[in-house]
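S.K.: Sharing upload.csv (CSV, C-alpha atoms) below.
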chain,number,residue,atom,x,y,z
I,1,MET,CA,-18.9,-26.6,-11.9
I,2,ALA,CA,-17.8,-23.0,-11.5
I,3,GLU,CA,-20.9,-21.6,-13.1
I,4,HIS,CA,-20.3,-18.6,-11.0
I,5,SER,CA,-17.9,-16.7,-13.1
I,6,SER,CA,-17.6,-13.5,-15.2
I,7,SER,CA,-19.1,-13.3,-18.7
I,8,PRO,CA,-16.9,-12.5,-21.8
I,9,LYS,CA,-18.5,-9.1,-21.9
I,10,GLN,CA,-17.3,-8.4,-18.3
I,11,TYR,CA,-13.9,-9.6,-19.2
I,12,LEU,CA,-13.8,-7.0,-22.1
I,13,ILE,CA,-15.0,-4.2,-19.8
I,14,VAL,CA,-12.3,-5.1,-17.3
I,15,TRP,CA,-9.7,-5.2,-20.0
I,16,LEU,CA,-10.7,-1.7,-21.2
I,17,TRP,CA,-10.4,-0.4,-17.7
I,18,LEU,CA,-7.0,-2.1,-17.3
I,19,PHE,CA,-5.8,-0.5,-20.5
I,20,VAL,CA,-7.1,3.0,-19.5
I,21,LEU,CA,-5.5,2.7,-16.0
I,22,THR,CA,-2.1,1.5,-17.5
I,23,ALA,CA,-2.1,4.4,-20.0
I,24,LEU,CA,-3.0,6.9,-17.2
I,25,GLU,CA,-0.2,5.5,-15.0
I,26,VAL,CA,2.4,5.9,-17.7
I,27,GLY,CA,1.0,9.3,-18.5
I,28,VAL,CA,1.1,10.6,-14.9
I,29,ALA,CA,4.6,9.1,-14.4
I,30,THR,CA,6.1,10.7,-17.5
I,31,ALA,CA,4.2,14.0,-17.5
I,32,PRO,CA,6.4,17.0,-16.3
I,33,GLY,CA,5.4,19.1,-13.3
I,34,VAL,CA,3.6,16.5,-11.3
I,35,GLY,CA,4.2,16.8,-7.6
I,36,ARG,CA,5.9,14.0,-5.9
I,37,GLY,CA,3.2,13.3,-3.3
I,38,LEU,CA,0.4,13.4,-5.9
I,39,LEU,CA,2.4,11.1,-8.2
I,40,VAL,CA,3.0,8.5,-5.6
I,41,VAL,CA,-0.5,8.5,-4.2
I,42,SER,CA,-2.2,8.4,-7.7
I,43,LEU,CA,0.1,5.7,-9.0
I,44,LEU,CA,-0.5,3.5,-5.9
I,45,VAL,CA,-4.3,4.0,-6.1
I,46,MET,CA,-4.2,3.1,-9.8
I,47,ALA,CA,-2.0,0.0,-9.2
I,48,ALA,CA,-4.3,-1.1,-6.4
I,49,ALA,CA,-7.4,-0.7,-8.7
I,50,LYS,CA,-5.8,-2.7,-11.4
I,51,ALA,CA,-4.7,-5.4,-8.9
I,52,ALA,CA,-8.3,-5.5,-7.5
I,53,LEU,CA,-9.8,-5.8,-11.0
I,54,VAL,CA,-7.5,-8.8,-11.9
I,55,GLY,CA,-8.2,-10.4,-8.5
I,56,LEU,CA,-11.9,-9.9,-8.5
I,57,TYR,CA,-12.9,-10.6,-12.1
I,58,PHE,CA,-10.1,-12.7,-13.6
I,59,MET,CA,-9.3,-14.8,-10.6
I,60,HIS,CA,-13.1,-14.9,-9.8
I,61,LEU,CA,-12.7,-13.8,-6.2
I,62,ARG,CA,-15.9,-11.9,-6.7
I,63,PHE,CA,-17.7,-15.2,-7.1
I,64,GLU,CA,-15.9,-17.3,-4.5
I,65,ARG,CA,-16.9,-17.5,-0.9
I,66,PRO,CA,-15.8,-14.5,1.2
I,67,LEU,CA,-13.4,-16.7,3.3
I,68,LEU,CA,-11.0,-16.9,0.4
I,69,GLY,CA,-10.9,-13.1,-0.1
I,70,VAL,CA,-10.4,-12.6,3.6
I,71,ALA,CA,-7.5,-15.0,3.6
I,72,ILE,CA,-5.8,-13.2,0.7
I,73,THR,CA,-6.4,-9.6,1.8
I,74,SER,CA,-5.2,-10.3,5.3
I,75,THR,CA,-1.8,-11.2,3.8
I,76,LEU,CA,-1.8,-7.8,2.1
I,77,LEU,CA,-2.7,-6.1,5.4
I,78,LEU,CA,0.2,-7.8,7.1
I,79,ALA,CA,2.5,-6.8,4.3
I,80,SER,CA,1.5,-3.2,4.6
I,81,ILE,CA,2.1,-3.2,8.4
I,82,TYR,CA,5.5,-4.7,7.8
I,83,VAL,CA,6.5,-2.1,5.2
I,84,THR,CA,5.1,0.8,7.2
I,85,ALA,CA,6.9,-0.3,10.3
I,86,ALA,CA,10.2,-0.7,8.5
I,87,THR,CA,10.0,2.7,6.9
I,88,SER,CA,8.8,4.5,10.0
I,89,ASP,CA,12.4,5.6,10.9
I,90,ALA,CA,12.8,7.4,7.6
I,91,PRO,CA,12.5,10.9,9.2
I,92,PHE,CA,15.2,10.1,11.7
I,93,ALA,CA,17.6,8.2,9.4
I,94,SER,CA,20.9,9.8,8.8
I,95,GLY,CA,21.3,8.0,5.4
I,96,TRP,CA,23.7,5.2,4.6
K,97,MET,CA,-19.3,-47.2,-16.0
K,98,HIS,CA,-20.6,-43.7,-15.3
K,99,GLU,CA,-19.8,-40.7,-17.4
K,100,ALA,CA,-16.7,-38.9,-16.3
K,101,ASN,CA,-17.4,-35.6,-14.6
K,102,TRP,CA,-15.9,-32.8,-12.5
K,103,ILE,CA,-15.9,-34.7,-9.3
K,104,ASP,CA,-13.9,-37.6,-10.9
K,105,GLU,CA,-11.2,-35.1,-12.0
K,106,VAL,CA,-10.8,-32.7,-9.1
K,107,GLY,CA,-12.8,-34.2,-6.3
K,108,ARG,CA,-15.8,-32.9,-4.3
K,109,PRO,CA,-15.4,-29.3,-3.2
K,110,SER,CA,-15.2,-28.9,0.5
K,111,PRO,CA,-18.5,-27.7,2.0
K,112,TRP,CA,-16.5,-25.3,4.2
K,113,THR,CA,-14.6,-23.4,1.6
K,114,GLY,CA,-16.5,-24.3,-1.6
K,115,LEU,CA,-13.2,-25.1,-3.2
K,116,TYR,CA,-11.9,-28.4,-4.5
K,117,ASN,CA,-8.4,-29.5,-3.3
K,118,GLY,CA,-6.5,-28.4,-6.4
K,119,LYS,CA,-7.9,-24.9,-6.3
K,120,LEU,CA,-7.4,-24.5,-2.6
K,121,GLY,CA,-3.8,-25.8,-3.1
K,122,MET,CA,-3.2,-23.3,-5.8
K,123,TRP,CA,-4.5,-20.4,-3.7
K,124,VAL,CA,-2.3,-21.5,-0.7
K,125,PHE,CA,0.6,-21.6,-3.1
K,126,LEU,CA,-0.2,-18.1,-4.4
K,127,ALA,CA,-0.5,-16.9,-0.8
K,128,SER,CA,3.1,-18.1,-0.3
K,129,GLU,CA,4.1,-16.3,-3.4
K,130,VAL,CA,2.5,-13.1,-2.1
K,131,MET,CA,4.9,-13.5,0.9
K,132,PHE,CA,7.8,-14.1,-1.4
K,133,PHE,CA,7.2,-11.0,-3.5
K,134,THR,CA,6.3,-8.9,-0.4
K,135,GLY,CA,9.7,-9.6,0.9
K,136,LEU,CA,11.3,-8.3,-2.3
K,137,ILE,CA,9.0,-5.4,-2.9
K,138,GLY,CA,8.8,-4.4,0.8
K,139,SER,CA,12.6,-4.5,1.1
K,140,TYR,CA,12.9,-2.3,-2.0
K,141,ILE,CA,10.5,0.3,-0.5
K,142,VAL,CA,12.5,0.3,2.8
K,143,LEU,CA,15.8,0.6,0.9
K,144,ARG,CA,14.5,3.4,-1.3
K,145,PHE,CA,13.1,5.3,1.7
K,146,GLY,CA,16.4,5.3,3.4
K,147,TYR,CA,18.4,6.5,0.4
K,148,PRO,CA,17.3,9.9,-1.0
K,149,GLU,CA,19.9,9.9,-3.8
K,150,TRP,CA,18.2,6.9,-5.5
K,151,PRO,CA,18.3,7.3,-9.3
K,152,VAL,CA,15.0,8.4,-11.0
K,153,PRO,CA,13.9,5.1,-12.6
K,154,GLY,CA,12.6,7.0,-15.7
K,155,THR,CA,16.1,8.2,-16.5
K,156,VAL,CA,17.5,4.6,-16.5
K,157,LEU,CA,14.6,2.4,-17.6
K,158,ASN,CA,12.6,2.4,-20.8
K,159,ILE,CA,9.1,3.3,-19.5
K,160,PRO,CA,7.1,3.4,-22.8
K,161,LEU,CA,8.5,0.0,-23.8
K,162,THR,CA,7.7,-1.6,-20.5
K,163,GLY,CA,4.3,0.1,-20.4
K,164,PHE,CA,3.6,-1.6,-23.7
K,165,ASN,CA,4.9,-4.9,-22.2
K,166,THR,CA,2.6,-4.5,-19.2
K,167,PHE,CA,-0.3,-4.1,-21.6
K,168,LEU,CA,0.8,-7.3,-23.4
K,169,LEU,CA,0.7,-9.3,-20.1
K,170,ILE,CA,-2.7,-7.8,-19.3
K,171,CYS,CA,-3.9,-9.0,-22.7
K,172,SER,CA,-2.6,-12.5,-22.0
K,173,SER,CA,-4.6,-12.5,-18.7
K,174,VAL,CA,-7.7,-11.6,-20.7
K,175,THR,CA,-7.1,-14.4,-23.2
K,176,MET,CA,-6.5,-16.9,-20.3
K,177,ALA,CA,-9.8,-15.8,-18.8
K,178,MET,CA,-11.5,-16.3,-22.1
K,179,ALA,CA,-9.9,-19.7,-22.5
K,180,LEU,CA,-11.4,-20.8,-19.2
K,181,SER,CA,-14.8,-19.3,-20.1
K,182,SER,CA,-14.7,-21.1,-23.4
K,183,ILE,CA,-14.2,-24.6,-21.9
K,184,GLN,CA,-16.8,-23.8,-19.2
K,185,HIS,CA,-19.2,-23.5,-22.1
K,186,GLY,CA,-17.9,-26.6,-23.8
K,187,ASP,CA,-16.1,-24.8,-26.7
K,188,VAL,CA,-12.9,-26.8,-27.1
K,189,GLY,CA,-12.0,-24.9,-30.3
K,190,LYS,CA,-12.0,-21.6,-28.6
K,191,LEU,CA,-10.1,-23.0,-25.6
K,192,LYS,CA,-7.3,-24.0,-27.9
K,193,LYS,CA,-7.2,-20.6,-29.7
K,194,TYR,CA,-7.2,-18.6,-26.5
K,195,LEU,CA,-4.6,-20.9,-24.9
K,196,ILE,CA,-2.3,-20.4,-27.9
K,197,ALA,CA,-2.9,-16.6,-27.7
K,198,THR,CA,-2.0,-16.6,-24.0
K,199,PHE,CA,1.1,-18.7,-24.6
K,200,THR,CA,2.2,-16.4,-27.4
K,201,LEU,CA,1.6,-13.2,-25.5
K,202,GLY,CA,3.5,-14.6,-22.5
K,203,ALA,CA,6.4,-15.6,-24.6
K,204,PHE,CA,6.4,-12.2,-26.2
K,205,PHE,CA,6.5,-10.5,-22.8
K,206,LEU,CA,9.6,-12.6,-21.9
K,207,GLY,CA,11.2,-11.7,-25.2
K,208,VAL,CA,10.7,-8.0,-24.6
K,209,GLN,CA,12.1,-8.4,-21.1
K,210,VAL,CA,15.2,-10.1,-22.4
K,211,TYR,CA,15.7,-7.3,-25.0
K,212,GLU,CA,15.3,-4.8,-22.2
K,213,TYR,CA,17.9,-6.5,-20.1
K,214,TYR,CA,20.2,-6.7,-23.1
K,215,LYS,CA,19.9,-2.9,-23.7
K,216,LEU,CA,20.3,-2.0,-20.0
K,217,LEU,CA,23.4,-4.2,-19.5
K,218,HIS,CA,25.0,-2.7,-22.6
K,219,HIS,CA,24.4,0.8,-21.3
K,220,GLY,CA,26.2,-0.1,-18.1
K,221,PHE,CA,23.2,-0.7,-15.9
K,222,THR,CA,24.3,-3.9,-14.3
K,223,PRO,CA,23.2,-5.7,-11.0
K,224,SER,CA,26.4,-4.5,-9.3
K,225,VAL,CA,26.5,-0.9,-10.5
K,226,SER,CA,24.2,0.4,-7.8
K,227,LEU,CA,21.7,-0.7,-5.1
K,228,PHE,CA,18.9,0.2,-7.7
K,229,GLY,CA,20.6,-2.1,-10.2
K,230,SER,CA,20.8,-5.0,-7.8
K,231,ALA,CA,17.2,-4.6,-6.6
K,232,PHE,CA,15.9,-4.1,-10.2
K,233,TYR,CA,17.4,-7.2,-11.6
K,234,THR,CA,16.5,-9.3,-8.5
K,235,MET,CA,12.9,-8.3,-8.6
K,236,THR,CA,12.3,-8.4,-12.3
K,237,GLY,CA,14.4,-11.5,-12.7
K,238,PHE,CA,12.4,-13.4,-10.2
K,239,HIS,CA,9.2,-12.3,-11.7
K,240,GLY,CA,10.5,-13.1,-15.2
K,241,PHE,CA,11.4,-16.6,-13.9
K,242,HIS,CA,7.8,-17.0,-12.7
K,243,VAL,CA,6.6,-15.9,-16.1
K,244,PHE,CA,8.9,-18.4,-17.8
K,245,LEU,CA,7.6,-21.3,-15.6
K,246,GLY,CA,4.1,-20.1,-16.4
K,247,VAL,CA,4.8,-20.2,-20.1
K,248,VAL,CA,6.2,-23.7,-19.8
K,249,ASN,CA,3.1,-24.8,-18.0
K,250,LEU,CA,0.9,-23.1,-20.5
K,251,GLY,CA,2.6,-25.2,-23.1
K,252,VAL,CA,1.7,-28.3,-21.2
K,253,ILE,CA,-1.9,-27.2,-20.7
K,254,THR,CA,-2.2,-26.2,-24.4
K,255,THR,CA,-0.8,-29.6,-25.5
K,256,LYS,CA,-3.3,-31.3,-23.3
K,257,ALA,CA,-6.1,-29.2,-24.8
K,258,PHE,CA,-5.1,-30.2,-28.3
K,259,ARG,CA,-5.1,-33.9,-27.2
K,260,GLY,CA,-8.7,-33.4,-26.1
K,261,ARG,CA,-8.1,-33.8,-22.4
K,262,TYR,CA,-10.4,-31.0,-21.4
K,263,THR,CA,-14.2,-31.0,-21.6
K,264,GLN,CA,-17.0,-28.9,-20.2
K,265,GLN,CA,-17.2,-31.4,-17.3
K,266,MET,CA,-13.5,-31.7,-16.7
K,267,HIS,CA,-11.2,-28.7,-17.0
K,268,GLY,CA,-9.7,-28.2,-13.5
K,269,GLY,CA,-6.2,-27.9,-14.9
K,270,VAL,CA,-7.2,-24.9,-17.0
K,271,GLU,CA,-8.7,-23.1,-14.0
K,272,MET,CA,-5.7,-23.7,-11.9
K,273,MET,CA,-3.3,-22.6,-14.7
K,274,GLY,CA,-5.5,-19.4,-15.0
K,275,LEU,CA,-5.1,-18.6,-11.3
K,276,TYR,CA,-1.3,-18.8,-11.5
K,277,TRP,CA,-1.2,-16.8,-14.7
K,278,HIS,CA,-3.4,-14.0,-13.3
K,279,PHE,CA,-1.3,-13.9,-10.2
K,280,VAL,CA,1.9,-13.4,-12.3
K,281,ASP,CA,0.1,-10.5,-14.1
K,282,LEU,CA,-1.0,-9.0,-10.7
K,283,VAL,CA,2.5,-9.1,-9.4
K,284,TRP,CA,3.8,-7.4,-12.5
K,285,ILE,CA,1.1,-4.6,-12.1
K,286,VAL,CA,2.5,-3.9,-8.7
K,287,LEU,CA,6.2,-4.3,-9.7
K,288,PHE,CA,5.9,-2.0,-12.8
K,289,THR,CA,4.3,0.7,-10.7
K,290,ILE,CA,6.7,0.6,-7.8
K,291,VAL,CA,10.0,0.0,-9.7
K,292,TYR,CA,9.5,1.8,-13.0
K,293,LEU,CA,7.0,4.6,-12.3
K,294,ILE,CA,7.5,5.8,-8.7
Please re-express this file's structure in structure tokens.
M.R.:
Amino acid sequence: MAEHSSSPKQYLIVWLWLFVLTALEVGVATAPGVGRGLLVVSLLVMAAAKAALVGLYFMHLRFERPLLGVAITSTLLLASIYVTAATSDAPFASGW
Amino acid sequence: MHEANWIDEVGRPSPWTGLYNGKLGMWVFLASEVMFFTGLIGSYIVLRFGYPEWPVPGTVLNIPLTGFNTFLLICSSVTMAMALSSIQHGDVGKLKKYLIATFTLGAFFLGVQVYEYYKLLHHGFTPSVSLFGSAFYTMTGFHGFHVFLGVVNLGVITTKAFRGRYTQQMHGGVEMMGLYWHFVDLVWIVLFTIVYLI
């Protein structure tokens, strides 16, 4: 059962990538002179990449039937819509 | 008397999803946890957007220490994956070693978090000092609680492994534990980025 799964070598490669991305994240966040917009976008992209690696290779989503991946990613889509909608009045907010 | 196998332990996978009940159940539970953490993280984003004078997290929190802690949790995810891979290949010895490693790394992560809380509280960064404080302790506290429960369950799984309860044919518990543990790691990856770095 569950023969469809990553090999130990794949796990190590993913681990290396996760280490590199974590180090990059901390580096970008603590480096001086990084623009706010670039900081936020790059950090979110790196976090999403790390999350995807864990989900696809450690949780074996890459090897499960697509239905499961669709079910999970649709929750993330709904979450993004909710947050986007709730922050959409930011330009018009007069503060607390 | 037939030889015990996977189907005896976890049941026949559904032809529709390809998942056995326990695994589907764990995924459904994790989906509910996604909703839980989305509520917390989403609210944090909304609050922060509406409050321009939010403290810069790097001036309050210890980013290098927590970055190292993040790496520890990622390592524990790797050892958990290796534990499952080991028992899938019938290697009970390696299963035990990797489970112990996962348990130790998870416990260490909690220890570092407790130390972090101790330092922050002593420097006056309490849950009631600011909105950031309240949000920080709520989010990391709930995540830490999830890690704690995961570590407790890892103890149970490890004990069962040492009692010879898992074989190449029957190791559903290890797989389900792995899913929960990777999810806890995944949530932390998002939390660390949004709360500590951005």
S.K.: Find the residues of chain K in contact range of chain I, meaning any atom within 7 Å when counting only C-alpha atoms, and list them as a list in words.
M.R.: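 Contact residues on the first chain: Trp102, Thr113, Gly114, Ala127, Thr134, Gly138, Val142, Phe145, Gly146, Tyr147, Gly163, Phe167, Val174, Ala177, Met178, Leu275, His278, Leu282, Ile285, Val286, Thr289, Leu293 and Ile294 of chain K.
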S.K.: How many Å separate CA of Phe241 in chain K from CA of Ile196 in chain K?
M.R.: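 Computing the Euclidean distance for CA of Phe241 in chain K and CA of Ile196 in chain K yields 20.0 Å.
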S.K.: Using all atoms listed in the file, find the one residue out of K:Leu115, K:Cys171, K:Glu105, K:Val156 that sits nearest to Trp17 in chain I.
M.R.: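 The closest residue to Trp17 in chain I is K:Cys171.
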S.K.: Mind pulling up the distance from CA of Gly229 in chain K to CA of Leu24 in chain I?
M.R.: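 Interatomic distance, CA of Leu24 in chain I to CA of Gly229 in chain K: 26.2 Å.
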S.K.: Between K:Gly135, K:Val280, K:Ile170, K:Pro111, single out the one closest to Leu16 in chain I, counting only C-alpha atoms.
M.R.: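 Looking at the shortest contact to Leu16 in chain I, the residue is K:Ile170.
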S.K.: Considering all atoms listed in the file, can you say which of I:Val34, I:Ile81, I:Ile13, I:Leu56 comes closest to Gly69 in chain I?
M.R.: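 Smallest distance to Gly69 in chain I is found for I:Leu56.
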S.K.: Please, can range 11-29 of chain I be completed to N, CA and C atoms and returned as a PDB file, in the coordinates of the input?
M.R.:
ATOM      1  N   TYR I  11     -15.297  -9.504 -19.015  1.00  0.00           N
ATOM      2  CA  TYR I  11     -13.900  -9.600 -19.200  1.00  0.00           C
ATOM      3  C   TYR I  11     -13.388  -8.411 -20.113  1.00  0.00           C
ATOM      4  N   LEU I  12     -14.157  -8.122 -21.160  1.00  0.00           N
ATOM      5  CA  LEU I  12     -13.800  -7.000 -22.100  1.00  0.00           C
ATOM      6  C   LEU I  12     -13.832  -5.689 -21.390  1.00  0.00           C
ATOM      7  N   ILE I  13     -14.851  -5.493 -20.563  1.00  0.00           N
ATOM      8  CA  ILE I  13     -15.000  -4.200 -19.800  1.00  0.00           C
ATOM      9  C   ILE I  13     -13.777  -4.048 -18.890  1.00  0.00           C
ATOM     10  N   VAL I  14     -13.446  -5.126 -18.175  1.00  0.00           N
ATOM     11  CA  VAL I  14     -12.300  -5.100 -17.300  1.00  0.00           C
ATOM     12  C   VAL I  14     -11.017  -4.790 -18.041  1.00  0.00           C
ATOM     13  N   TRP I  15     -10.881  -5.430 -19.188  1.00  0.00           N
ATOM     14  CA  TRP I  15      -9.700  -5.200 -20.000  1.00  0.00           C
ATOM     15  C   TRP I  15      -9.576  -3.769 -20.447  1.00  0.00           C
ATOM     16  N   LEU I  16     -10.685  -3.160 -20.831  1.00  0.00           N
ATOM     17  CA  LEU I  16     -10.700  -1.700 -21.200  1.00  0.00           C
ATOM     18  C   LEU I  16     -10.197  -0.868 -20.060  1.00  0.00           C
ATOM     19  N   TRP I  17     -10.750  -1.154 -18.865  1.00  0.00           N
ATOM     20  CA  TRP I  17     -10.400  -0.400 -17.700  1.00  0.00           C
ATOM     21  C   TRP I  17      -8.875  -0.565 -17.392  1.00  0.00           C
ATOM     22  N   LEU I  18      -8.383  -1.801 -17.524  1.00  0.00           N
ATOM     23  CA  LEU I  18      -7.000  -2.100 -17.300  1.00  0.00           C
ATOM     24  C   LEU I  18      -6.103  -1.281 -18.262  1.00  0.00           C
ATOM     25  N   PHE I  19      -6.534  -1.229 -19.512  1.00  0.00           N
ATOM     26  CA  PHE I  19      -5.800  -0.500 -20.500  1.00  0.00           C
ATOM     27  C   PHE I  19      -5.783   1.012 -20.186  1.00  0.00           C
ATOM     28  N   VAL I  20      -6.952   1.546 -19.846  1.00  0.00           N
ATOM     29  CA  VAL I  20      -7.100   3.000 -19.500  1.00  0.00           C
ATOM     30  C   VAL I  20      -6.172   3.285 -18.290  1.00  0.00           C
ATOM     31  N   LEU I  21      -6.250   2.449 -17.257  1.00  0.00           N
ATOM     32  CA  LEU I  21      -5.500   2.700 -16.000  1.00  0.00           C
ATOM     33  C   LEU I  21      -3.967   2.619 -16.329  1.00  0.00           C
ATOM     34  N   THR I  22      -3.552   1.659 -17.169  1.00  0.00           N
ATOM     35  CA  THR I  22      -2.100   1.500 -17.500  1.00  0.00           C
ATOM     36  C   THR I  22      -1.659   2.786 -18.255  1.00  0.00           C
ATOM     37  N   ALA I  23      -2.451   3.219 -19.236  1.00  0.00           N
ATOM     38  CA  ALA I  23      -2.100   4.400 -20.000  1.00  0.00           C
ATOM     39  C   ALA I  23      -2.026   5.641 -19.080  1.00  0.00           C
ATOM     40  N   LEU I  24      -2.973   5.744 -18.151  1.00  0.00           N
ATOM     41  CA  LEU I  24      -3.000   6.900 -17.200  1.00  0.00           C
ATOM     42  C   LEU I  24      -1.731   6.822 -16.314  1.00  0.00           C
ATOM     43  N   GLU I  25      -1.374   5.622 -15.855  1.00  0.00           N
ATOM     44  CA  GLU I  25      -0.200   5.500 -15.000  1.00  0.00           C
ATOM     45  C   GLU I  25       1.052   5.974 -15.722  1.00  0.00           C
ATOM     46  N   VAL I  26       1.249   5.492 -16.964  1.00  0.00           N
ATOM     47  CA  VAL I  26       2.400   5.900 -17.700  1.00  0.00           C
ATOM     48  C   VAL I  26       2.373   7.413 -17.990  1.00  0.00           C
ATOM     49  N   GLY I  27       1.178   7.916 -18.287  1.00  0.00           N
ATOM     50  CA  GLY I  27       1.000   9.300 -18.500  1.00  0.00           C
ATOM     51  C   GLY I  27       1.386  10.187 -17.326  1.00  0.00           C
ATOM     52  N   VAL I  28       0.866   9.807 -16.161  1.00  0.00           N
ATOM     53  CA  VAL I  28       1.100  10.600 -14.900  1.00  0.00           C
ATOM     54  C   VAL I  28       2.624  10.486 -14.577  1.00  0.00           C
ATOM     55  N   ALA I  29       3.231   9.325 -14.779  1.00  0.00           N
ATOM     56  CA  ALA I  29       4.600   9.100 -14.400  1.00  0.00           C
ATOM     57  C   ALA I  29       5.579   9.900 -15.330  1.00  0.00           C
TER      58      ALA I  29
END
